[in-house]
Amino acid sequence: MGTVIRHGHDRATSGAKVANTPHSDLVLPYGDQFNDGIVQVSFTLPVAAGALAEEAARQTMKLMGLEEPQVAEVAPIGENATFFVGYGKLTRPVELSKLRIAKPMWEELDQITINRLVQETLGRAMVVVGAATGQDAHTLGLDAILNYKGFAGNRGLEAYSALKVVNMGSQVPNETLVAKAREVSADAVLVSQVVTERNVHLANLTNLVELLEAEGLRDKVVLVVGGPRITHALAVELGYDAGFGPGTRPQDVASYLAQEVARRVLN
Amino acid sequence: MGTVIRHGHDRATSGAKVANTPHSDLVLPYGDQFNDGIVQVSFTLPVAAGALAEEAARQTMKLMGLEEPQVAEVAPIGENATFFVGYGKLTRPVELSKLRIAKPMWEELDQITINRLVQETLGRAMVVVGAATGQDAHTLGLDAILNYKGFAGNRGLEAYSALKVVNMGSQVPNETLVAKAREVSADAVLVSQVVTERNVHLANLTNLVELLEAEGLRDKVVLVVGGPRITHALAVELGYDAGFGPGTRPQDVASYLAQEVARRVLN
Amino acid sequence: MLRLSLDAKTVERCHEISENITSRVIDELSSLSTVAIERTVARFAGIEGVTADGVPLANVLVSHLVEKGKIHDGVAIHLANACLALGKTPAGISEMISRGEIDISNLEWQGTEEVTRKAREICKDSLDKIRARRAEREVLLEQLPVTQTPWLYVICATGNIHEDAVQGRLAASQGADVIAVIRSTGQSLLDYVPHGITTEGFGGTYATQANFKLMRDALDEESHKLGRYVRLVNYCSGLCMPEIAYMGAVERLDMMLNDAMYGILFRDINMERTFVDQNFSRMINAYAGIIINTGEDNYLTTVDAFDAGPSVLASQFMNYHFAKKAGLRDEQIGLGHAFEIDPSIEDSLSYELAMALLVRQLFPDCPIKYMPPTVHKKGDIFTSHVLDSNFNLVSVLTGQTIHLVGMLTEAIHTPLIQDRYLSIRAAAYMRQAAKHLGHNLEVKRGGLLEARATSILDDTLKLLERVNEQGLFAAITEGVFAGVKRLRTGGKGREGVFKKSRWYFSPVEEALRAGLSGESLGEGPIQD
Amino acid sequence: MLRLSLDAKTVERCHEISENITSRVIDELSSLSTVAIERTVARFAGIEGVTADGVPLANVLVSHLVEKGKIHDGVAIHLANACLALGKTPAGISEMISRGEIDISNLEWQGTEEVTRKAREICKDSLDKIRARRAEREVLLEQLPVTQTPWLYVICATGNIHEDAVQGRLAASQGADVIAVIRSTGQSLLDYVPHGITTEGFGGTYATQANFKLMRDALDEESHKLGRYVRLVNYCSGLCMPEIAYMGAVERLDMMLNDAMYGILFRDINMERTFVDQNFSRMINAYAGIIINTGEDNYLTTVDAFDAGPSVLASQFMNYHFAKKAGLRDEQIGLGHAFEIDPSIEDSLSYELAMALLVRQLFPDCPIKYMPPTVHKKGDIFTSHVLDSNFNLVSVLTGQTIHLVGMLTEAIHTPLIQDRYLSIRAAAYMRQAAKHLGHNLEVKRGGLLEARATSILDDTLKLLERVNEQGLFAAITEGVFAGVKRLRTGGKGREGVFKKSRWYFSPVEEALRAGLSGESLGEGPIQD
Ligand code: B12
Ligand code: B12
Ligand SMILES: Cc1ncc(COP(=O)(O)O)c(C=O)c1O
Ligand SMILES: Cc1ncc(COP(=O)(O)O)c(C=O)c1O
């Protein structure tokens, strides 16, 4: 009859605890077995395909802290270039409780509340100037936030009676934006940055802060940046008050602006 | 006329040197700019999608030594599971000259030379026993090496007059394989291992070496293992003489076997 | 809808011949039973436990009768006789045997009529339970309807049933309609079914009744949450075919892989053993309203898919008639097919489309189990994902029912959580994006698609004629299917086949056949 | 081949109306020239250098004449007059101007006939060179034939031309037929063309003549290595349209993106400026045997692709007639189209197929530039790859010519080396796998595909009628295209437009038009 299969009720619980119970503090990637640490990677090395390249790929994975590195694909993609797909196991867990989550501070408010809050704090409409700055011509994201039509069924800032929106459109030089902010006495300046190749956005965003500071306007406005590769942490690092990433809804931004202005007026 | 674009002949060479000239010793992944270190990763964390999960993903990438970690996709794939795609920059290069490339030692020989070499060394045909061992029922790889038909137009070991092939097929218990090796006085034992889930192959391959040793057969045979997730380095670590991975051609194996037997007889 | 114009005569001939081939096999084997069938009868009679060493009591009972030379009569009468003689339940009897306390082969005979009645009686609960589980499924399918085809089918293969349950639910919530728990390597060659909850499989999780139950419960919970009934699948090919068929029936599995040809060709199981087992298991499947899946798709991994069309189709014709004879309705016959043509050849997509359409059209009421590309997959998961995308397309275009979702990591490992997610997403996208595309295109008369389909059909007829001449067993011996040759006298499990004595009686077979003849067997609505 | 049955009358009407709309625009603007056109004439005359500050001498010359109030006569006659008066070459003259040594607006007039002759003479070398480069291309295309369609077209956008050259060659060796070097963000709004080799672009590399040459040389080398001519592309939309068209012609580029509508809608360039520039640049393109690409695909990023069909098609009709009037042959008119319907809607693939087929069929001899999905791409590169796969399929099924290979990382960054590799591989696979599929399927008469195509065509006619009534400028003002509204008097570069004086003379225009009228302009075989 052959050997009888042993089955361990001891190990049996490991799986069940997995995704049902609240996560523990130490978190590893999870592919096939809870905590197995499995990560997929792909990259190109400027080395001709062959044993050396393959070993270099394995070594690259080890440098990434991946154990049992498995090179699943070795594709020669040029005389001196090889593309790899690999899988390995990360053994160093992330400690959730140690993570600092950078998030702009606001609560989700509805349109009426936002309008009321702004009117109560400022006694007038809040002036919001928005632009896609530098050479960035991507306006869809900015428009999604500003234009009446909004984004994914959520109305844009123009739909808020207490917000007066000036949408300057695309490829606006920082100088022009600052001049406009002064001209209309902006309460908030909203910048969109979509092109990030070679970190062009970092230079551009830093330059805007410098200009605003030089003009003595920095403290007078709520300064916000948004874009698909923008995080709040990055925004703060660059001297902005808040940063908004992919999937942002206008209401998120309006909620933040109203509360931030209120906070400033109260302080 | 606006600012005139500056263009730097200084930086200009960085690109050109890239993939045309022989690689330097320090090698980094290459995505957009030579040496940029760009690596793509994907993994699942057992954490509900949200700001915490996203930060945990970023942290996971940092633990992998990736700078400027960019979380490109955050997909909630269950209540307590989030899938991520990310890109980051590895800054620690691989030192090519320091890599030890584990490879079985052989030169590519043609069929006639192989047959002659075996006949000259042994004065008879070499007996080769092959099997997919344990519970492994994948025989295509083994057959590709052994059967006359061969692999990708390259004839199998059965086509070599100086090789006498015994193909035991699939799911052969190690005990049965060892008995057969003794029975036919095998010169070489060829094992195929395709199933590697939960490292089942490691236990199985180790067990075979132990059995052969216990039977006093280990030194009498050239012991070879092959399979899509087998490397020579692993094979050697497990006590095998050689390991053959994906894309192996029968001729590679025949060349190796002939030379290894010759080497042993000469020593 | 895309339609090929095919020669009706050729199709009819293929059916006639296949009917003939399969009838002969069944007739030839009708005098045989197997240890697996007898263990199944024991299980029907309520023998479910294991010894302290983990040996199933069903095995204990059957081994006992084998030892005593009485297995030829079938377990049922000896067991019933013992129950009457000793006033015990079947379970009690089997425990006593396991403790070596009795020999049931030489107890006093309680009279043929009494014993027969008792034999029927001890199996009745199980039969009723299976009908009840079937009714339960029908109710659930009405309450929690599955509204889209193809059904997206994914596997779990973690080796740990608790992981499988978690990941199966995750997959269902991501859109999977069908969850299969793959078996550990090698289980199909075990001549017993492991017992209890297991957590240590390799490349799959052991098929056990407890594991079935655990998964069924998990998926039922998820089904209610999603408002969509999630089907559960396991395998009853291999040496324990009928036993596992029984367990699947009792635990309300919805689909079971069941194919003697698969066992013969890919597991080197003895032909007689597995054909006998198959007929019995398929009767159980039919009775339980379970959809079977056959394994022709596997042929395309060992022979070139471009050339293998006729042998695959011939096997499907035969498998269809084997299934019909076991009482399965067309709606329960999930013939196996696959997208395995070398993707590097010109017009590979057109050839796949032609073949998928052909199979679909030849078995219009059968839910084809359409398998994704596997052999030509390499470690490049991106390219692999694209290949699956074309597979997804062909499946939708040709209106398939059971769609095995291809995994981008097919060449690397059994699916990870995210592999399932990505692959389900891709398949669901295609189901939506190409929903009515097949209805708005037509096959060009006399074009490449039709030429290809016609030539495969013609060659299938020729092949079936040849098989008919020599008989199926001889054809297998010659390597007609999957390029694998097997001897009638070879293979595993042959020692478990025996000739039934003239006293042989199986109350289970009787009950199943009763249903069969009344056309009521395997009846009941299959949704959508 | 898949074919829609369309109402021929409607198609004819669309052409008539578009012809009328575009004629009116060209007539209305025929009295205008622009600083960019004049700089182009200067370049034809051999003025290529830059000042120590990097200001192009062509700009110096034109600014000089603007300052002096003489630009209305065109640069040619003043330059020719100066050459004659001072016995210098055009380059010499422009250098003297840049050093502030002369004012060419008030030199002694050397006689109209002499000046005109001289003007023709100084531009002749460039015209000859362009014809020679064109002949060179024809020879290369014969020696190194491109045998498969669709042509796989990928972009390089590293910002460093040396990287672009390396990566462009890599892409070609991986199977790309066409390489485009994308321009740095913002270059299109520069009113001059940067000079020399550049390494510092963002999201693209500057279009300069030196960069064109470097890339052309690299690709020529690779073409010989591969035995397949690899086409080179750059952009001549924007404020420097005609100058870049000239550079592309001289450096043997094979394709150029050229579209006034794109500049108006997406770069806020003044309408008059860019329509005038467009007509002139297209004449250069025609003369050089270059294929133009229009930008309708971009509309589908700012308006919903499901709704935008008619506005895209109307724009294509007009762009086609603009192109014809500039002397371009059908084979040179790469109308822009894209696969941008929201992938989450039911039957999205069918709608894409209908639209792609419609465009293909309406402009049967034009190589449609078919663009991949972009807007609906997210960071999930696997899902993105699958979307591209369907795009690849539709392109092959409908027999497109210029296939912009979609990148799996579209939503993340400009393509990495491996992104191009994977995407080319996927597209090449589809080209092979579905090669004759379109020839073996037919569109179902009266089905969803035909209904969709017909309704778009009908709506296009209505839209064109409306545009015809109000005029193209007014229609743009109303936001008919891409949902973007622009004023005739607004936008960038307006100050660079001027009315030609009665002395205005352009030897370049004259030569190009001469070709045009003789039907010889833009003639010559287009390979594939
Ligand atoms: C549409 C598009 C275009 C259109 C833009 C039309 C327009 N009027 O905007 C056109 C065709 C003109 C275009 C051109 C180019 N593009 Co483009 N384009 C895109 C595309 C396909 C979609 C971007 C988009 O609009 N998404 C939809 C919006 C709603 O999303 P979003 O921007 O993320 O906005 C949301 C949030 O980020 C946030 N948000 C955004 N801004 C702001 C601002 C504030 C204040 C707040 C609070 C929030 C916020 O809220 C929004 C709603 O949730 C992307 C690829 C992709 N799929 O992402 C490439 C992409 C952005 N483009 C790119 C490039 C390089 C270009 C070019 C430079 C290429 C070239 N050299 O020619 C050109 C030139 C443009 C220029 N000068 O900047 C690259 C950028 C690469 C990088 N990492 O830098 C991308 C990623 C494509 C690629 N892979 O190469 N593009
Ligand atoms: C074909 C196939 C099958 C066929 C096997 C038919 C047969 N007679 O071999 C069938 C359908 C029967 C099958 C079944 C199963 N399979 Co299977 N199968 C595959 C598949 C699609 C192809 C493997 C293959 O044959 N490749 C072609 C050969 C030629 O390549 P190769 O094996 O790499 O061999 C080359 C080299 O590696 C080397 N080599 C190999 N062996 C040897 C030996 C020597 C001595 C030398 C020198 C060289 C050498 O040389 C060969 C030529 O270059 C792969 C997926 C894939 N695309 O890789 C899954 C795969 C291998 N199977 C898998 C599994 C899990 C199973 C099952 C266990 C699933 C189940 N639970 O039911 C079953 C049971 C099988 C068992 N008990 O072992 C997994 C393994 C996962 C893992 N990492 O462990 C895979 C990767 C699929 C997956 N993603 O889940 N399978
Ligand atoms: C019909 C059939 N049965 C069974 C299996 C599974 O293999 P095993 O029975 O060896 O677990 C397969 C493989 O896919 C199959 O197609
Ligand atoms: C017709 C056309 N011109 C030009 C461009 C490129 O933009 P830019 O001219 O701003 O570099 C595009 C964008 O894809 C285009 O479609």
# chains A, B, ... in the order shown; residues from 1 in each chain; ligands from 1
>>> interface_residues(of="chain A", to="chain B", cutoff="9 Å", atoms="only C-alpha atoms", output="ChimeraX atom specification")
/A:18-23,27-31,34-35,37-48,51-53,55-57,59-61,63-66,70-72,78-81,90,92-96,99-103,228-229
>>> residues_around(residues="stretch 123-135 of chain A", least_positions_apart="3", cutoff="8 Å", atoms="only C-alpha atoms", output="JSON, numbers by chain")
{"A": [118, 119, 120, 138, 139, 142, 146, 161, 162, 163, 164, 165, 166, 167, 168, 169, 170, 171, 172, 173, 174, 177, 180, 181, 184, 185, 186, 187, 188, 189, 190, 191, 192, 193, 204], "D": [185, 186]}
>>> atom_distance(atom1="atom CA of D:Thr301", atom2="atom CA of A:Asn147")
16.3 Å
>>> residues_near_ligand(ligand="ligand 1", cutoff="7 Å", atoms="only C-alpha atoms and all ligand atoms", output="short mmCIF file (atom, residue, chain, number, x, y, z; two decimals) with N, CA, C and O atoms, in the first residue's frame")
data_model
loop_
_atom_site.label_atom_id
_atom_site.label_comp_id
_atom_site.auth_asym_id
_atom_site.auth_seq_id
_atom_site.Cartn_x
_atom_site.Cartn_y
_atom_site.Cartn_z
N GLY A 130 -4.54 77.55 -10.39
CA GLY A 130 -3.94 76.26 -10.73
C GLY A 130 -3.23 76.30 -12.07
O GLY A 130 -3.62 77.06 -12.97
N GLN A 135 7.43 72.99 -18.48
CA GLN A 135 7.11 72.57 -19.85
C GLN A 135 6.03 71.50 -19.86
O GLN A 135 5.75 70.90 -20.88
N ASP A 136 5.42 71.31 -18.73
CA ASP A 136 4.43 70.24 -18.62
C ASP A 136 3.11 70.63 -19.27
O ASP A 136 2.49 71.61 -18.89
N ALA A 137 2.73 69.87 -20.26
CA ALA A 137 1.50 70.19 -21.00
C ALA A 137 0.36 69.25 -20.64
O ALA A 137 -0.66 69.24 -21.29
N HIS A 138 0.55 68.46 -19.62
CA HIS A 138 -0.50 67.54 -19.22
C HIS A 138 -1.48 68.27 -18.33
O HIS A 138 -1.17 68.61 -17.20
N THR A 139 -2.65 68.52 -18.86
CA THR A 139 -3.65 69.28 -18.10
C THR A 139 -4.80 68.42 -17.63
O THR A 139 -5.63 68.89 -16.86
N LEU A 140 -4.87 67.18 -18.10
CA LEU A 140 -6.05 66.38 -17.75
C LEU A 140 -6.19 66.23 -16.24
O LEU A 140 -7.30 66.28 -15.70
N GLY A 141 -5.08 66.01 -15.56
CA GLY A 141 -5.11 65.82 -14.12
C GLY A 141 -5.56 67.10 -13.43
O GLY A 141 -6.44 67.08 -12.56
N LEU A 142 -4.97 68.20 -13.82
CA LEU A 142 -5.33 69.50 -13.24
C LEU A 142 -6.80 69.81 -13.51
O LEU A 142 -7.55 70.21 -12.62
N ALA A 144 -9.13 67.74 -14.14
CA ALA A 144 -9.98 66.81 -13.39
C ALA A 144 -10.26 67.37 -12.00
O ALA A 144 -11.35 67.18 -11.46
N ILE A 145 -9.30 68.07 -11.43
CA ILE A 145 -9.48 68.64 -10.10
C ILE A 145 -10.22 69.98 -10.18
O ILE A 145 -11.12 70.25 -9.40
N PHE A 151 -13.98 64.64 -11.88
CA PHE A 151 -13.27 63.38 -12.10
C PHE A 151 -14.08 62.22 -11.55
O PHE A 151 -14.46 62.22 -10.39
N LEU A 190 -2.21 75.75 -6.87
CA LEU A 190 -2.26 74.32 -7.17
C LEU A 190 -1.44 74.02 -8.41
O LEU A 190 -1.76 74.52 -9.50
N VAL A 191 -0.44 73.21 -8.25
CA VAL A 191 0.47 72.92 -9.35
C VAL A 191 0.34 71.46 -9.76
O VAL A 191 0.23 70.58 -8.91
N SER A 192 0.32 71.22 -11.06
CA SER A 192 0.32 69.84 -11.53
C SER A 192 1.65 69.52 -12.20
O SER A 192 2.16 70.33 -12.98
N GLN A 193 2.19 68.37 -11.89
CA GLN A 193 3.44 67.93 -12.51
C GLN A 193 3.30 66.47 -12.89
O GLN A 193 3.19 65.60 -12.02
N VAL A 194 3.30 66.23 -14.18
CA VAL A 194 3.11 64.87 -14.68
C VAL A 194 4.42 64.32 -15.26
O VAL A 194 4.77 63.16 -15.05
N VAL A 195 5.14 65.15 -15.96
CA VAL A 195 6.41 64.69 -16.53
C VAL A 195 7.46 64.67 -15.42
O VAL A 195 7.69 65.69 -14.75
N THR A 196 8.06 63.51 -15.24
CA THR A 196 9.02 63.34 -14.14
C THR A 196 10.33 62.74 -14.63
O THR A 196 11.19 62.40 -13.83
N GLU A 197 10.47 62.58 -15.95
CA GLU A 197 11.69 61.99 -16.48
C GLU A 197 12.89 62.80 -16.01
O GLU A 197 12.87 64.02 -16.01
N VAL A 224 0.06 73.59 -3.06
CA VAL A 224 -0.28 72.18 -3.28
C VAL A 224 0.27 71.69 -4.62
O VAL A 224 0.25 72.44 -5.60
N VAL A 225 0.75 70.48 -4.63
CA VAL A 225 1.18 69.89 -5.90
C VAL A 225 0.50 68.53 -6.07
O VAL A 225 0.24 67.82 -5.10
N GLY A 226 0.20 68.20 -7.33
CA GLY A 226 -0.43 66.92 -7.61
C GLY A 226 0.11 66.31 -8.89
O GLY A 226 0.73 67.02 -9.70
N GLY A 227 -0.10 65.02 -9.03
CA GLY A 227 0.35 64.32 -10.23
C GLY A 227 0.48 62.84 -9.95
O GLY A 227 0.51 62.43 -8.79
N PRO A 228 0.57 62.05 -11.00
CA PRO A 228 0.57 60.60 -10.80
C PRO A 228 1.79 60.07 -10.05
O PRO A 228 1.74 58.97 -9.50
N ARG A 229 2.86 60.81 -10.05
CA ARG A 229 4.04 60.33 -9.34
C ARG A 229 4.38 61.22 -8.14
O ARG A 229 5.50 61.27 -7.67
N GLY A 243 0.65 67.17 -0.97
CA GLY A 243 0.83 66.54 -2.27
C GLY A 243 -0.27 65.52 -2.51
O GLY A 243 -0.71 64.85 -1.57
N PHE A 244 -0.76 65.44 -3.74
CA PHE A 244 -1.86 64.53 -4.07
C PHE A 244 -1.47 63.64 -5.25
O PHE A 244 -1.02 64.14 -6.28
N GLY A 245 -1.67 62.37 -5.08
CA GLY A 245 -1.24 61.40 -6.10
C GLY A 245 -2.36 60.89 -6.97
O GLY A 245 -3.41 61.52 -7.09
N PRO A 246 -2.12 59.76 -7.60
CA PRO A 246 -3.11 59.19 -8.52
C PRO A 246 -4.44 58.91 -7.83
O PRO A 246 -4.47 58.56 -6.66
N GLY A 247 -5.52 59.08 -8.58
CA GLY A 247 -6.83 58.76 -8.05
C GLY A 247 -7.43 59.84 -7.15
O GLY A 247 -8.53 59.67 -6.60
N THR A 248 -6.73 60.95 -6.98
CA THR A 248 -7.27 62.05 -6.17
C THR A 248 -8.61 62.53 -6.73
O THR A 248 -8.76 62.65 -7.94
N ARG A 249 -9.57 62.79 -5.84
CA ARG A 249 -10.85 63.35 -6.28
C ARG A 249 -10.87 64.83 -5.89
O ARG A 249 -10.29 65.22 -4.88
N VAL A 253 -9.39 67.40 -2.42
CA VAL A 253 -8.60 68.63 -2.46
C VAL A 253 -9.38 69.77 -1.82
O VAL A 253 -8.85 70.55 -1.01
N ALA D 157 13.27 57.97 -26.03
CA ALA D 157 12.99 59.24 -25.36
C ALA D 157 13.90 59.40 -24.16
O ALA D 157 13.49 59.83 -23.10
N ILE D 182 11.53 60.93 -29.70
CA ILE D 182 10.57 61.89 -29.17
C ILE D 182 11.30 63.15 -28.74
O ILE D 182 12.42 63.08 -28.27
N ARG D 183 10.62 64.29 -28.89
CA ARG D 183 11.25 65.55 -28.49
C ARG D 183 11.09 65.84 -27.01
O ARG D 183 10.08 65.45 -26.40
N SER D 184 12.02 66.58 -26.49
CA SER D 184 11.94 67.02 -25.10
C SER D 184 10.64 67.81 -24.90
O SER D 184 10.16 68.49 -25.81
N THR D 185 10.07 67.69 -23.72
CA THR D 185 8.88 68.47 -23.40
C THR D 185 9.15 69.93 -23.73
O THR D 185 10.20 70.46 -23.40
N GLY D 186 8.21 70.55 -24.37
CA GLY D 186 8.32 71.99 -24.56
C GLY D 186 9.06 72.43 -25.81
O GLY D 186 8.96 73.59 -26.20
N GLY D 203 11.98 63.69 -21.02
CA GLY D 203 10.88 62.96 -21.64
C GLY D 203 11.03 62.93 -23.15
O GLY D 203 10.08 62.67 -23.88
N GLY D 204 12.22 63.20 -23.63
CA GLY D 204 12.49 63.23 -25.06
C GLY D 204 13.82 63.91 -25.30
O GLY D 204 14.41 64.45 -24.37
N PHE D 266 -3.27 71.11 -28.70
CA PHE D 266 -2.49 70.58 -27.57
C PHE D 266 -1.31 71.44 -27.17
O PHE D 266 -0.71 71.21 -26.14
N ASN D 298 -4.45 61.88 -30.68
CA ASN D 298 -4.36 62.63 -29.43
C ASN D 298 -5.73 63.09 -28.92
O ASN D 298 -5.93 63.25 -27.73
N THR D 301 -7.33 61.30 -26.12
CA THR D 301 -6.85 61.36 -24.73
C THR D 301 -7.63 62.42 -23.94
O THR D 301 -7.70 62.34 -22.73
N THR D 302 -8.20 63.37 -24.64
CA THR D 302 -8.90 64.43 -23.89
C THR D 302 -10.43 64.32 -23.97
O THR D 302 -11.13 64.94 -23.19
N THR D 374 -3.35 54.44 -24.39
CA THR D 374 -2.50 55.18 -23.44
C THR D 374 -3.29 55.68 -22.23
O THR D 374 -2.94 55.41 -21.11
N VAL D 375 -4.39 56.40 -22.49
CA VAL D 375 -5.10 57.03 -21.35
C VAL D 375 -5.61 56.05 -20.32
O VAL D 375 -5.63 56.35 -19.14
N HIS D 376 -6.05 54.91 -20.76
CA HIS D 376 -6.64 53.98 -19.79
C HIS D 376 -5.59 53.05 -19.18
O HIS D 376 -5.93 52.12 -18.47
N LYS D 377 -4.36 53.32 -19.47
CA LYS D 377 -3.28 52.55 -18.87
C LYS D 377 -3.05 53.02 -17.44
O LYS D 377 -3.08 54.22 -17.15
N LYS D 378 -2.80 52.05 -16.57
CA LYS D 378 -2.43 52.36 -15.18
C LYS D 378 -1.07 51.71 -14.92
O LYS D 378 -0.47 51.16 -15.82
N THR D 409 4.63 49.87 -19.86
CA THR D 409 4.88 50.86 -18.81
C THR D 409 4.36 52.24 -19.17
O THR D 409 4.80 53.23 -18.61
N GLU D 410 3.43 52.30 -20.12
CA GLU D 410 2.92 53.58 -20.60
C GLU D 410 2.57 54.57 -19.49
O GLU D 410 2.82 55.76 -19.58
N ALA D 411 1.98 54.07 -18.41
CA ALA D 411 1.52 55.00 -17.37
C ALA D 411 2.65 55.39 -16.41
O ALA D 411 2.41 56.15 -15.48
N ILE D 412 3.85 54.89 -16.64
CA ILE D 412 4.90 55.09 -15.64
C ILE D 412 6.06 55.94 -16.13
O ILE D 412 6.40 56.95 -15.53
N HIS D 413 6.65 55.52 -17.22
CA HIS D 413 7.83 56.24 -17.72
C HIS D 413 7.95 56.05 -19.22
O HIS D 413 7.34 55.17 -19.80
N THR D 414 8.80 56.85 -19.84
CA THR D 414 9.11 56.61 -21.25
C THR D 414 9.85 55.27 -21.30
O THR D 414 10.43 54.85 -20.31
N PRO D 415 9.78 54.58 -22.44
CA PRO D 415 10.19 53.18 -22.47
C PRO D 415 11.62 52.88 -22.02
O PRO D 415 12.56 53.55 -22.45
#
>>> residues_near_ligand(ligand="ligand 4", cutoff="6 Å", atoms="only C-alpha atoms and all ligand atoms", output="ChimeraX atom specification")
/D:183,188,235,237-238,257-259,262,294-295
